[in-house]
$ cat work.txt   # compact mmCIF, C-alpha atoms
# COMPACT_ATOMS: atom_id res chain seq x y z
CA MET M 1 -11.37 -6.26 -16.92
CA GLY M 2 -11.34 -2.51 -17.05
CA ALA M 3 -14.31 -0.33 -17.93
CA SER M 4 -13.38 -0.51 -21.62
CA GLY M 5 -13.07 -4.31 -21.58
CA ARG M 6 -9.30 -4.44 -21.12
CA LEU M 7 -7.12 -5.37 -18.18
CA LEU M 8 -6.61 -2.42 -15.87
CA HIS M 9 -3.48 -1.86 -13.79
CA ALA M 10 -3.88 0.65 -10.96
CA VAL M 11 -1.53 1.91 -8.26
CA LEU M 12 -2.52 3.07 -4.76
CA MET M 13 0.02 5.47 -3.22
CA GLY M 14 0.23 7.05 0.21
CA ALA M 15 2.66 7.49 3.09
CA PRO M 16 3.03 4.79 5.75
CA GLY M 17 -0.07 5.09 7.94
CA SER M 18 -2.17 6.90 5.34
CA GLY M 19 -4.73 4.09 5.22
CA LYS M 20 -3.60 2.28 2.06
CA HIS M 21 -4.24 -1.18 3.51
CA THR M 22 -7.79 -0.40 4.67
CA LEU M 23 -8.68 1.37 1.45
CA ALA M 24 -7.21 -1.39 -0.72
CA LEU M 25 -9.37 -3.98 1.05
CA ARG M 26 -12.48 -1.89 0.38
CA ILE M 27 -11.55 -1.37 -3.26
CA THR M 28 -11.00 -5.08 -3.89
CA LYS M 29 -14.22 -5.92 -2.04
CA HIS M 30 -16.29 -3.65 -4.31
CA PHE M 31 -14.42 -3.67 -7.61
CA GLN M 32 -12.89 -6.22 -9.97
CA LEU M 33 -9.30 -5.52 -8.98
CA GLN M 34 -6.92 -7.98 -7.32
CA LYS M 35 -4.67 -6.51 -4.64
CA PHE M 36 -0.92 -6.85 -5.02
CA SER M 37 0.89 -5.54 -1.94
CA SER M 38 4.65 -5.07 -1.88
CA GLY M 39 4.36 -4.97 1.92
CA ASP M 40 2.76 -8.43 1.99
CA LEU M 41 5.43 -9.66 -0.41
CA LEU M 42 8.20 -8.27 1.79
CA ARG M 43 6.68 -9.67 4.97
CA ASP M 44 6.42 -13.12 3.39
CA ASN M 45 10.07 -12.98 2.33
CA MET M 46 11.19 -11.77 5.80
CA LEU M 47 9.27 -14.54 7.55
CA ARG M 48 10.79 -17.13 5.24
CA GLY M 49 14.27 -15.65 5.70
CA THR M 50 14.94 -15.30 1.99
CA GLU M 51 17.85 -13.23 0.70
CA PHE M 52 15.40 -10.44 -0.15
CA GLY M 53 13.79 -10.67 3.29
CA VAL M 54 17.04 -10.46 5.25
CA LEU M 55 18.21 -7.45 3.24
CA ALA M 56 14.85 -5.70 3.58
CA LYS M 57 14.79 -6.06 7.38
CA VAL M 58 18.19 -4.37 7.73
CA PHE M 59 16.96 -1.28 5.91
CA MET M 60 13.54 -1.17 7.57
CA ASP M 61 15.02 -1.41 11.07
CA GLN M 62 17.09 1.68 10.27
CA GLY M 63 14.04 3.61 9.05
CA LYS M 64 15.33 3.58 5.49
CA LEU M 65 13.47 2.75 2.30
CA ILE M 66 14.53 -0.50 0.67
CA PRO M 67 16.89 0.13 -2.28
CA ASP M 68 15.38 0.33 -5.75
CA ASP M 69 17.14 -2.68 -7.18
CA ILE M 70 15.96 -5.01 -4.39
CA MET M 71 12.32 -3.90 -4.51
CA THR M 72 12.21 -3.78 -8.30
CA ARG M 73 13.67 -7.25 -8.80
CA LEU M 74 11.40 -8.77 -6.15
CA THR M 75 8.20 -7.06 -7.36
CA LEU M 76 8.65 -7.48 -11.09
CA HIS M 77 9.55 -11.14 -10.61
CA GLU M 78 6.28 -11.68 -8.70
CA LEU M 79 4.15 -9.66 -11.13
CA LYS M 80 5.08 -12.03 -13.94
CA ASN M 81 2.59 -14.43 -12.35
CA PHE M 82 -0.29 -11.97 -12.72
CA THR M 83 -0.56 -11.13 -16.40
CA GLN M 84 -4.23 -12.00 -16.93
CA GLU M 85 -5.90 -10.06 -14.11
CA SER M 86 -6.69 -6.44 -13.37
CA ARG M 87 -4.43 -5.43 -10.49
CA LEU M 88 -4.25 -2.86 -7.70
CA LEU M 89 -0.61 -2.34 -6.74
CA CYS M 90 -0.03 -1.11 -3.18
CA GLY M 91 3.34 0.16 -1.95
CA PHE M 92 5.08 0.00 -5.33
CA PRO M 93 6.44 2.01 -7.03
CA ARG M 94 7.85 4.41 -4.43
CA THR M 95 10.68 5.94 -6.45
CA LEU M 96 10.97 7.34 -9.96
CA ARG M 97 13.40 4.60 -10.89
CA GLN M 98 10.91 1.94 -9.77
CA ALA M 99 8.10 3.66 -11.69
CA LYS M 100 10.09 3.69 -14.91
CA ALA M 101 11.18 0.07 -14.49
CA LEU M 102 7.57 -0.94 -13.87
CA GLU M 103 6.33 0.97 -16.92
CA ARG M 104 8.70 -0.94 -19.19
CA VAL M 105 6.95 -4.24 -18.44
CA TYR M 106 3.57 -3.33 -16.93
CA GLN M 107 1.47 -0.44 -18.25
CA ILE M 108 -0.15 1.64 -15.50
CA HIS M 109 -3.56 3.08 -16.35
CA LEU M 110 -4.51 4.74 -13.06
CA VAL M 111 -2.74 6.06 -9.95
CA MET M 112 -4.60 7.03 -6.77
CA ASN M 113 -2.66 9.06 -4.22
CA LEU M 114 -3.75 9.46 -0.58
CA ASN M 115 -2.87 12.84 0.87
CA VAL M 116 -3.14 12.59 4.68
CA PRO M 117 -1.60 15.17 7.10
CA VAL M 118 1.66 14.07 8.75
CA GLU M 119 0.36 14.67 12.28
CA VAL M 120 -2.60 12.36 11.64
CA ILE M 121 -0.20 9.68 10.42
CA ARG M 122 2.04 10.06 13.50
CA GLN M 123 -0.95 9.62 15.79
CA ARG M 124 -2.19 6.56 13.92
CA LEU M 125 1.13 4.76 13.83
CA SER M 126 1.97 5.38 17.48
CA ALA M 127 -1.16 3.37 18.29
CA ARG M 128 -0.55 0.62 15.70
CA TRP M 129 0.38 -2.92 16.76
CA ILE M 130 0.69 -6.00 14.55
CA HIS M 131 0.62 -9.78 14.68
CA PRO M 132 3.93 -10.61 12.97
CA SER M 133 3.19 -13.97 11.39
CA SER M 134 -0.16 -13.03 9.82
CA GLY M 135 0.28 -9.30 9.26
CA ARG M 136 -3.00 -8.50 11.06
CA VAL M 137 -3.01 -4.86 12.14
CA TYR M 138 -4.61 -3.38 15.25
CA ASN M 139 -5.00 0.22 16.36
CA LEU M 140 -5.46 0.94 20.06
CA GLU M 141 -7.77 3.87 19.28
CA PHE M 142 -10.25 2.49 16.72
CA ASN M 143 -9.49 -1.21 16.16
CA PRO M 144 -8.10 -2.59 19.45
CA PRO M 145 -7.55 -6.31 20.09
CA LYS M 146 -10.14 -8.05 22.27
CA ALA M 147 -7.42 -8.85 24.83
CA VAL M 148 -4.74 -6.25 25.46
CA GLY M 149 -1.54 -7.07 23.59
CA LEU M 150 -2.82 -10.33 22.07
CA ASP M 151 -3.95 -11.34 18.57
CA ASP M 152 -7.70 -12.04 18.37
CA GLN M 153 -7.37 -15.27 16.39
CA THR M 154 -4.26 -16.94 17.83
CA GLY M 155 -3.79 -15.30 21.22
CA GLU M 156 -0.14 -14.69 20.31
CA PRO M 157 1.61 -11.46 21.41
CA LEU M 158 1.34 -8.33 19.31
CA VAL M 159 4.37 -6.15 18.60
CA GLN M 160 4.99 -2.59 17.53
CA ARG M 161 6.96 -2.49 14.31
CA GLU M 162 10.43 -1.05 14.63
CA ASP M 163 9.67 1.40 11.84
CA ASP M 164 6.50 2.65 13.61
CA ARG M 165 8.44 3.87 16.65
CA PRO M 166 8.71 7.68 16.87
CA GLU M 167 12.45 7.96 16.33
CA THR M 168 12.31 5.76 13.24
CA LEU M 169 9.00 7.09 11.91
CA THR M 170 10.29 10.65 11.41
CA LYS M 171 13.08 9.42 9.13
CA ARG M 172 10.73 7.03 7.36
CA LEU M 173 8.15 9.71 6.50
CA LYS M 174 10.82 12.13 5.29
CA ALA M 175 12.35 9.43 3.09
CA TYR M 176 8.93 8.61 1.66
CA GLU M 177 8.16 12.25 0.85
CA ASP M 178 11.54 12.89 -0.79
CA GLN M 179 11.42 9.78 -2.96
CA THR M 180 7.75 9.77 -4.00
CA LYS M 181 7.38 13.43 -4.97
CA PRO M 182 9.03 12.77 -8.38
CA VAL M 183 6.85 9.67 -8.83
CA LEU M 184 3.67 11.70 -8.38
CA GLU M 185 4.94 14.27 -10.86
CA TYR M 186 5.82 11.47 -13.32
CA TYR M 187 2.29 10.09 -13.21
CA ARG M 188 0.76 13.57 -13.23
CA ARG M 189 2.51 14.31 -16.52
CA LYS M 190 1.16 11.04 -17.91
CA GLY M 191 -2.35 12.13 -16.99
CA VAL M 192 -3.16 9.11 -14.81
CA LEU M 193 -2.86 10.62 -11.30
CA GLU M 194 -5.83 11.32 -9.02
CA THR M 195 -5.24 12.62 -5.47
CA PHE M 196 -7.66 12.16 -2.57
CA SER M 197 -7.14 14.32 0.54
CA GLY M 198 -8.54 13.82 4.04
CA THR M 199 -7.85 12.80 7.62
CA GLU M 200 -10.04 9.67 7.84
CA THR M 201 -10.37 6.68 5.53
CA ASP M 202 -14.16 6.65 6.01
CA LYS M 203 -14.36 10.19 4.61
CA ILE M 204 -11.97 9.54 1.71
CA TRP M 205 -13.61 6.27 0.66
CA PRO M 206 -16.86 7.67 -0.88
CA TYR M 207 -14.81 9.83 -3.27
CA VAL M 208 -12.58 6.89 -4.23
CA HIS M 209 -15.65 4.71 -4.74
CA ALA M 210 -17.37 7.28 -6.97
CA PHE M 211 -14.18 7.75 -9.00
CA LEU M 212 -13.61 4.03 -9.55
CA GLN M 213 -17.21 3.50 -10.66
CA THR M 214 -16.23 5.29 -13.87
CA LYS M 215 -13.11 3.15 -14.35
CA VAL M 216 -13.64 -0.42 -13.13
CA PRO M 217 -16.61 -2.83 -13.06
CA GLN M 218 -18.05 -3.43 -9.61
CA ILE M 219 -18.24 -6.95 -8.20
CA ASP M 220 -21.93 -6.33 -7.43
CA GLN M 221 -23.41 -3.53 -9.50
CA LYS M 222 -26.04 -2.99 -6.79
CA ALA M 223 -23.41 -2.70 -4.05
CA SER M 224 -23.56 0.49 -2.02
CA VAL M 225 -20.69 2.69 -0.95
CA THR M 226 -20.84 1.09 2.51
CA PRO M 227 -17.44 -0.43 3.43

$ encode --input "work.txt" --output "C-alpha cells"
Amino acid sequence: MGASGRLLHAVLMGAPGSGKHTLALRITKHFQLQKFSSGDLLRDNMLRGTEFGVLAKVFMDQGKLIPDDIMTRLTLHELKNFTQESRLLCGFPRTLRQAKALERVYQIHLVMNLNVPVEVIRQRLSARWIHPSSGRVYNLEFNPPKAVGLDDQTGEPLVQREDDRPETLTKRLKAYEDQTKPVLEYYRRKGVLETFSGTETDKIWPYVHAFLQTKVPQIDQKASVTP
C-alpha cells in the first residue's frame, strides 16, 4: 500500500546500464513495492521460444528497441495478474505510445529517472557478462564471477549480450534517448517525475531511499539506508 493507504504504481527509468536492476533490488528489499521487470518478462519469453520472444530477439540483436505494439501487448497482458499489489515497473514504458497505453489501464503515481553519463554506461556494459538461463549479471570490474567466464551457481559459461557489444550499444543508447525523452516530458507535465543524477548506484541510492521514505512504507521501519 502507498503512503496514503492506497496501492502505489511506480516506474523506474534509465538507459541500459544505468543501474536500474541493482537499484530496483534495493528498493524492493527496503520498501513495500513488488518489482515488475519487462526485461525479465522478455528473457522468459525468449528462453521459452514464444512468439513474443522470437520477435524480440530479432530486434535486440540488431540493437533496435522492440516495437511498441509487441512490448505493450506483452506487458499489459502480464500486468493484469498484479492488480492488488503496489508495483515498481522497470523497463516499461520506454516510448510515449507505451506510456499512454499504460495510463489507460494502470495509473502511474511516481516515476524515478536515473540520469547516468553515457561514458559511464559504456564502460559498465563493456565489462558486463550474463548467465543466459537465469539472468544473473556479472561485471568484471566490481562484481566478477568466482571463476573466470563461469556462473557462480551452476558453473555454466557466461556470455556477453549481443546488445552490450560496442557496435550495437551505440545504436541502442541513441534509440533509448530518442524514444524516452518524450516519455520523461509526459511524466514531468503530470507532476510525477523525479530525476536522480550520478555516476555510481551507491551514491544515487541514499537520495532514492530518502525520497521513497515519503512515498512508500518500508518493509522494516528501522531499516537503515544500507543496501

$ atom_distance --input "work.txt" --atom1 "atom CA of Cys90 of chain M" --atom2 "atom CA of Leu184 of chain M"
14.3 Å

$ closest_atom_pairs --input "work.txt" --of "segment 80-154 of chain M" --to "segment 22-40 of chain M" --cutoff "6 Å" --atoms "all atoms listed in the file" --output "CSV"
residue,atom,partner,partner_atom,distance
M:Ser86,CA,M:Leu33,CA,5.2
M:Arg87,CA,M:Gln34,CA,4.8
M:Leu88,CA,M:Lys35,CA,4.8
M:Leu89,CA,M:Phe36,CA,4.8
M:Cys90,CA,M:Ser37,CA,4.7
M:Gly91,CA,M:Ser38,CA,5.4

$ write_last_selection --input "work.txt" --atoms "C-alpha atoms" --output "PDB file, in the frame of the given file"
ATOM      1  CA  SER M  86      -6.690  -6.440 -13.370  1.00  0.00           C
ATOM      2  CA  ARG M  87      -4.430  -5.430 -10.490  1.00  0.00           C
ATOM      3  CA  LEU M  88      -4.250  -2.860  -7.700  1.00  0.00           C
ATOM      4  CA  LEU M  89      -0.610  -2.340  -6.740  1.00  0.00           C
ATOM      5  CA  CYS M  90      -0.030  -1.110  -3.180  1.00  0.00           C
ATOM      6  CA  GLY M  91       3.340   0.160  -1.950  1.00  0.00           C
TER       7      GLY M  91
END

$ atom_distance --input "work.txt" --atom1 "atom CA of Leu41 of chain M" --atom2 "atom CA of Pro217 of chain M"
26.3 Å

$ atom_distance --input "work.txt" --atom1 "atom CA of Ile108 of chain M" --atom2 "atom CA of Val192 of chain M"
8.1 Å

$ closest_residue --input "work.txt" --among "M:Asn115, M:Thr95, M:Thr83, M:Thr75" --to "Ala15 of chain M" --atoms "all atoms listed in the file"
M:Asn115

$ closest_residue --input "work.txt" --among "M:Gly198, M:Gly135, M:Pro145, M:Pro93" --to "Ala10 of chain M" --atoms "all atoms listed in the file"
M:Pro93

$ closest_residue --input "work.txt" --among "M:Leu158, M:Ile66, M:Leu212, M:Val137" --to "Val111 of chain M" --atoms "all atoms listed in the file"
M:Leu212

$ residues_around --input "work.txt" --residues "Arg165 of chain M" --least-positions-apart "3" --cutoff "12 Å" --atoms "only C-alpha atoms" --output "VMD selection string"
chain M and resid 60 to 63 122 to 129 159 to 162 168 to 173

$ closest_residue --input "work.txt" --among "M:Val118, M:Val54, M:Leu74, M:Met112" --to "Arg188 of chain M" --atoms "only C-alpha atoms"
M:Met112

$ closest_residue --input "work.txt" --among "M:His21, M:Lys57, M:Arg94, M:Arg189" --to "Arg136 of chain M" --atoms "only C-alpha atoms"
M:His21

$ residues_near_point --input "work.txt" --point "(-4.5, -12.0, -17.9)" --cutoff "12 Å" --atoms "all atoms listed in the file" --output "list in words"
Met1, Gly2, Arg6, Leu7, Leu8, His9, Gln34, Leu79, Lys80, Asn81, Phe82, Thr83, Gln84, Glu85, Ser86, Arg87 and Tyr106 of chain M

$ axis_aligned_box --input "work.txt" --around "segment 81-99 of chain M" --padding-each-side "5 Å" --output "lines of an AutoDock Vina configuration file"
center_x = 3.4
center_y = -3.5
center_z = -9.4
size_x = 30.1
size_y = 31.8
size_z = 25.0

$ residues_around --input "work.txt" --residues "Leu55 of chain M" --least-positions-apart "6" --cutoff "10 Å" --atoms "all atoms listed in the file" --output "PDB file with C-alpha atoms, in the coordinates of the input"
ATOM      1  CA  ASN M  45      10.070 -12.980   2.330  1.00  0.00           C
ATOM      2  CA  MET M  46      11.190 -11.770   5.800  1.00  0.00           C
ATOM      3  CA  GLY M  49      14.270 -15.650   5.700  1.00  0.00           C
ATOM      4  CA  ILE M  66      14.530  -0.500   0.670  1.00  0.00           C
ATOM      5  CA  PRO M  67      16.890   0.130  -2.280  1.00  0.00           C
ATOM      6  CA  ILE M  70      15.960  -5.010  -4.390  1.00  0.00           C
TER       7      ILE M  70
END

$ closest_residue --input "work.txt" --among "M:Pro206, M:Asp178, M:Asp44, M:Asn113" --to "Lys20 of chain M" --atoms "only C-alpha atoms"
M:Asn113
